[in-house]
$ cat target.pdb   # PDB, C-alpha atoms
ATOM      1  CA  MET X   1     102.022 118.428 113.388
ATOM      2  CA  ARG X   2      98.392 119.311 113.215
ATOM      3  CA  ASP X   3      97.352 117.505 110.065
ATOM      4  CA  GLU X   4      96.348 113.942 110.944
ATOM      5  CA  SER X   5      96.912 112.625 107.410
ATOM      6  CA  VAL X   6     100.527 113.838 107.487
ATOM      7  CA  GLN X   7     101.027 112.253 110.912
ATOM      8  CA  ASN X   8      99.657 108.957 109.596
ATOM      9  CA  PHE X   9     101.884 109.159 106.533
ATOM     10  CA  LEU X  10     104.988 109.731 108.622
ATOM     11  CA  ALA X  11     104.093 107.032 111.156
ATOM     12  CA  ASP X  12     103.766 104.238 108.604
ATOM     13  CA  THR X  13     107.242 103.318 107.376
ATOM     14  CA  SER X  14     105.928 100.784 104.870
ATOM     15  CA  VAL X  15     103.876 103.539 103.232
ATOM     16  CA  GLU X  16     106.944 105.781 103.375
ATOM     17  CA  ARG X  17     109.010 103.234 101.466
ATOM     18  CA  GLN X  18     106.243 102.583  98.980
ATOM     19  CA  ILE X  19     105.733 106.265  98.235
ATOM     20  CA  ALA X  20     109.470 106.916  97.938
ATOM     21  CA  GLN X  21     109.780 104.090  95.416
ATOM     22  CA  GLN X  22     106.844 105.362  93.384
ATOM     23  CA  ALA X  23     107.921 109.021  93.455
ATOM     24  CA  ALA X  24     110.687 108.446  90.938
ATOM     25  CA  HIS X  25     108.136 107.040  88.490
ATOM     26  CA  SER X  26     105.351 109.527  89.183
ATOM     27  CA  ARG X  27     103.948 111.071  86.020
ATOM     28  CA  SER X  28     101.649 113.220  88.167
ATOM     29  CA  LEU X  29     104.609 115.080  89.687
ATOM     30  CA  GLU X  30     106.135 115.609  86.243
ATOM     31  CA  GLY X  31     102.748 116.727  84.955
ATOM     32  CA  LEU X  32     102.435 119.236  87.771
ATOM     33  CA  VAL X  33     105.783 120.784  86.857
ATOM     34  CA  ASP X  34     104.709 121.163  83.226
ATOM     35  CA  ALA X  35     101.107 122.209  83.900
ATOM     36  CA  VAL X  36     101.900 125.093  86.217
ATOM     37  CA  GLY X  37     105.365 125.938  84.972
ATOM     38  CA  LEU X  38     106.773 125.090  88.394
ATOM     39  CA  GLY X  39     110.174 126.679  88.883
ATOM     40  CA  TYR X  40     110.748 126.527  92.628
ATOM     41  CA  VAL X  41     109.658 124.439  95.596
ATOM     42  CA  PHE X  42     109.944 125.610  99.208
ATOM     43  CA  VAL X  43     109.397 123.326 102.177
ATOM     44  CA  HIS X  44     108.767 124.981 105.532
ATOM     45  CA  PRO X  45     108.873 123.606 109.069
ATOM     46  CA  PRO X  46     107.584 121.366 110.425
ATOM     47  CA  TYR X  47     107.471 119.447 107.108
ATOM     48  CA  SER X  48     111.078 120.192 106.189
ATOM     49  CA  ALA X  49     112.229 118.255 109.248
ATOM     50  CA  HIS X  50     110.711 114.997 107.988
ATOM     51  CA  ALA X  51     112.888 112.932 105.670
ATOM     52  CA  PRO X  52     109.956 111.125 103.985
ATOM     53  CA  ILE X  53     108.605 114.391 102.626
ATOM     54  CA  ARG X  54     112.011 115.597 101.449
ATOM     55  CA  ASN X  55     112.813 112.204  99.919
ATOM     56  CA  TYR X  56     109.510 112.102  98.049
ATOM     57  CA  LEU X  57     110.107 115.522  96.498
ATOM     58  CA  GLU X  58     113.763 114.889  95.726
ATOM     59  CA  ALA X  59     113.046 111.508  94.142
ATOM     60  CA  GLY X  60     109.982 112.630  92.209
ATOM     61  CA  LEU X  61     111.121 115.972  90.844
ATOM     62  CA  PRO X  62     114.347 117.156  89.217
ATOM     63  CA  LEU X  63     115.352 119.463  92.069
ATOM     64  CA  GLU X  64     118.517 121.293  92.997
ATOM     65  CA  LYS X  65     118.710 122.619  96.552
ATOM     66  CA  PHE X  66     119.798 126.254  96.628
ATOM     67  CA  TYR X  67     118.542 127.455 100.000
ATOM     68  CA  GLU X  68     118.544 126.128 103.554
ATOM     69  CA  ARG X  69     117.971 128.432 106.499
ATOM     70  CA  ASP X  70     115.971 128.275 109.739
ATOM     71  CA  GLY X  71     114.424 124.980 108.650
ATOM     72  CA  VAL X  72     113.225 126.305 105.288
ATOM     73  CA  LEU X  73     114.464 124.403 102.244
ATOM     74  CA  GLY X  74     114.436 125.937  98.775
ATOM     75  CA  TYR X  75     114.762 123.929  95.585
ATOM     76  CA  ARG X  76     114.988 125.025  91.967
ATOM     77  CA  VAL X  77     113.351 122.782  89.387
ATOM     78  CA  VAL X  78     116.049 121.744  86.917
ATOM     79  CA  ARG X  79     114.711 121.260  83.437
ATOM     80  CA  GLN X  80     116.559 119.257  80.779
ATOM     81  CA  ALA X  81     117.447 122.477  78.932
ATOM     82  CA  ASP X  82     119.041 123.856  82.135
ATOM     83  CA  LYS X  83     121.555 121.031  82.366
TER      84      LYS X  83
END
$ encode --input "target.pdb" --output "structure tokens"
Amino acid sequence: MRDESVQNFLADTSVERQIAQQAAHSRSLEGLVDAVGLGYVFVHPPYSAHAPIRNYLEAGLPLEKFYERDGVLGYRVVRQADK
């Protein structure tokens, strides 16, 4: 990975745990969904190969995986009305 901040994030497991725990309670992620009308999230390699990134998104947003191919993950944002 080229981005040093992402490398540091992935290297520090205590930060990984802390962020994963906070993701489920993150109003900023929920606010992002509402503010931009977010409907889909795609994660491309190399980021899709790292569990901390996937876990953060899956814990912090109401996502349903609908696509997985060649390392690309596609999620649909599930709103309360969709359930």
$ atom_distance --input "target.pdb" --atom1 "atom CA of Arg69 of chain X" --atom2 "atom CA of Phe42 of chain X"
11.2 Å
$ residues_around --input "target.pdb" --residues "segment 75-78 of chain X" --least-positions-apart "5" --cutoff "12 Å" --atoms "only C-alpha atoms" --output "number ranges by chain"
X: 29-30, 32-34, 37-44, 48, 54, 57-58, 60-68, 83
$ atom_distance --input "target.pdb" --atom1 "atom CA of Gly71 of chain X" --atom2 "atom CA of Arg27 of chain X"
28.6 Å
$ atom_distance --input "target.pdb" --atom1 "atom CA of Tyr47 of chain X" --atom2 "atom CA of Leu73 of chain X"
9.9 Å
$ axis_aligned_box --input "target.pdb" --around "segment 64-83 of chain X" --padding-each-side "3 Å" --output "JSON"
{"center_x": 117.4, "center_y": 123.8, "center_z": 94.3, "size_x": 14.3, "size_y": 15.2, "size_z": 36.8}
$ decode --input "target.pdb" --residues "segment 38-55 of chain X" --atoms "N, CA, C and O atoms" --output "PDB file, in the first residue's frame"
ATOM      1  N   LEU X  38     -26.149   8.318   0.336  1.00  0.00           N
ATOM      2  CA  LEU X  38     -25.299   7.183  -0.032  1.00  0.00           C
ATOM      3  C   LEU X  38     -26.146   5.929  -0.224  1.00  0.00           C
ATOM      4  O   LEU X  38     -26.934   5.562   0.650  1.00  0.00           O
ATOM      5  N   GLY X  39     -25.997   5.297  -1.369  1.00  0.00           N
ATOM      6  CA  GLY X  39     -26.750   4.088  -1.661  1.00  0.00           C
ATOM      7  C   GLY X  39     -25.877   2.855  -1.794  1.00  0.00           C
ATOM      8  O   GLY X  39     -26.309   1.747  -1.510  1.00  0.00           O
ATOM      9  N   TYR X  40     -24.635   3.070  -2.226  1.00  0.00           N
ATOM     10  CA  TYR X  40     -23.725   1.948  -2.463  1.00  0.00           C
ATOM     11  C   TYR X  40     -22.320   2.303  -2.015  1.00  0.00           C
ATOM     12  O   TYR X  40     -21.919   3.457  -2.069  1.00  0.00           O
ATOM     13  N   VAL X  41     -21.585   1.270  -1.597  1.00  0.00           N
ATOM     14  CA  VAL X  41     -20.187   1.431  -1.210  1.00  0.00           C
ATOM     15  C   VAL X  41     -19.408   0.325  -1.926  1.00  0.00           C
ATOM     16  O   VAL X  41     -19.789  -0.849  -1.862  1.00  0.00           O
ATOM     17  N   PHE X  42     -18.342   0.711  -2.618  1.00  0.00           N
ATOM     18  CA  PHE X  42     -17.457  -0.257  -3.259  1.00  0.00           C
ATOM     19  C   PHE X  42     -16.069  -0.119  -2.665  1.00  0.00           C
ATOM     20  O   PHE X  42     -15.579   0.988  -2.485  1.00  0.00           O
ATOM     21  N   VAL X  43     -15.463  -1.254  -2.363  1.00  0.00           N
ATOM     22  CA  VAL X  43     -14.112  -1.281  -1.812  1.00  0.00           C
ATOM     23  C   VAL X  43     -13.244  -2.061  -2.789  1.00  0.00           C
ATOM     24  O   VAL X  43     -13.528  -3.214  -3.101  1.00  0.00           O
ATOM     25  N   HIS X  44     -12.195  -1.402  -3.265  1.00  0.00           N
ATOM     26  CA  HIS X  44     -11.312  -1.986  -4.273  1.00  0.00           C
ATOM     27  C   HIS X  44     -10.001  -2.429  -3.636  1.00  0.00           C
ATOM     28  O   HIS X  44      -9.595  -1.923  -2.601  1.00  0.00           O
ATOM     29  N   PRO X  45      -9.313  -3.378  -4.304  1.00  0.00           N
ATOM     30  CA  PRO X  45      -7.976  -3.745  -3.843  1.00  0.00           C
ATOM     31  C   PRO X  45      -7.070  -2.528  -3.889  1.00  0.00           C
ATOM     32  O   PRO X  45      -7.271  -1.660  -4.733  1.00  0.00           O
ATOM     33  N   PRO X  46      -6.124  -2.439  -3.030  1.00  0.00           N
ATOM     34  CA  PRO X  46      -5.710  -3.406  -2.035  1.00  0.00           C
ATOM     35  C   PRO X  46      -6.507  -3.314  -0.735  1.00  0.00           C
ATOM     36  O   PRO X  46      -6.384  -4.154   0.136  1.00  0.00           O
ATOM     37  N   TYR X  47      -7.369  -2.301  -0.598  1.00  0.00           N
ATOM     38  CA  TYR X  47      -8.087  -2.080   0.665  1.00  0.00           C
ATOM     39  C   TYR X  47      -9.082  -3.186   0.986  1.00  0.00           C
ATOM     40  O   TYR X  47      -9.315  -3.502   2.150  1.00  0.00           O
ATOM     41  N   SER X  48      -9.665  -3.790  -0.028  1.00  0.00           N
ATOM     42  CA  SER X  48     -10.652  -4.841   0.212  1.00  0.00           C
ATOM     43  C   SER X  48     -10.037  -6.092   0.835  1.00  0.00           C
ATOM     44  O   SER X  48     -10.750  -6.909   1.409  1.00  0.00           O
ATOM     45  N   ALA X  49      -8.735  -6.222   0.747  1.00  0.00           N
ATOM     46  CA  ALA X  49      -8.061  -7.391   1.317  1.00  0.00           C
ATOM     47  C   ALA X  49      -7.778  -7.243   2.811  1.00  0.00           C
ATOM     48  O   ALA X  49      -7.334  -8.194   3.453  1.00  0.00           O
ATOM     49  N   HIS X  50      -8.046  -6.082   3.370  1.00  0.00           N
ATOM     50  CA  HIS X  50      -7.724  -5.829   4.774  1.00  0.00           C
ATOM     51  C   HIS X  50      -8.980  -5.837   5.636  1.00  0.00           C
ATOM     52  O   HIS X  50      -9.852  -4.975   5.509  1.00  0.00           O
ATOM     53  N   ALA X  51      -9.050  -6.822   6.512  1.00  0.00           N
ATOM     54  CA  ALA X  51     -10.215  -7.001   7.382  1.00  0.00           C
ATOM     55  C   ALA X  51     -10.559  -5.762   8.205  1.00  0.00           C
ATOM     56  O   ALA X  51     -11.740  -5.472   8.379  1.00  0.00           O
ATOM     57  N   PRO X  52      -9.590  -5.004   8.726  1.00  0.00           N
ATOM     58  CA  PRO X  52      -9.958  -3.836   9.531  1.00  0.00           C
ATOM     59  C   PRO X  52     -10.813  -2.820   8.769  1.00  0.00           C
ATOM     60  O   PRO X  52     -11.735  -2.248   9.329  1.00  0.00           O
ATOM     61  N   ILE X  53     -10.528  -2.639   7.511  1.00  0.00           N
ATOM     62  CA  ILE X  53     -11.296  -1.698   6.706  1.00  0.00           C
ATOM     63  C   ILE X  53     -12.700  -2.242   6.472  1.00  0.00           C
ATOM     64  O   ILE X  53     -13.695  -1.536   6.652  1.00  0.00           O
ATOM     65  N   ARG X  54     -12.790  -3.505   6.090  1.00  0.00           N
ATOM     66  CA  ARG X  54     -14.103  -4.120   5.871  1.00  0.00           C
ATOM     67  C   ARG X  54     -14.918  -4.122   7.158  1.00  0.00           C
ATOM     68  O   ARG X  54     -16.106  -3.797   7.156  1.00  0.00           O
ATOM     69  N   ASN X  55     -14.285  -4.483   8.266  1.00  0.00           N
ATOM     70  CA  ASN X  55     -14.994  -4.537   9.549  1.00  0.00           C
ATOM     71  C   ASN X  55     -15.517  -3.172   9.964  1.00  0.00           C
ATOM     72  O   ASN X  55     -16.626  -3.053  10.482  1.00  0.00           O
TER      73      ASN X  55
END
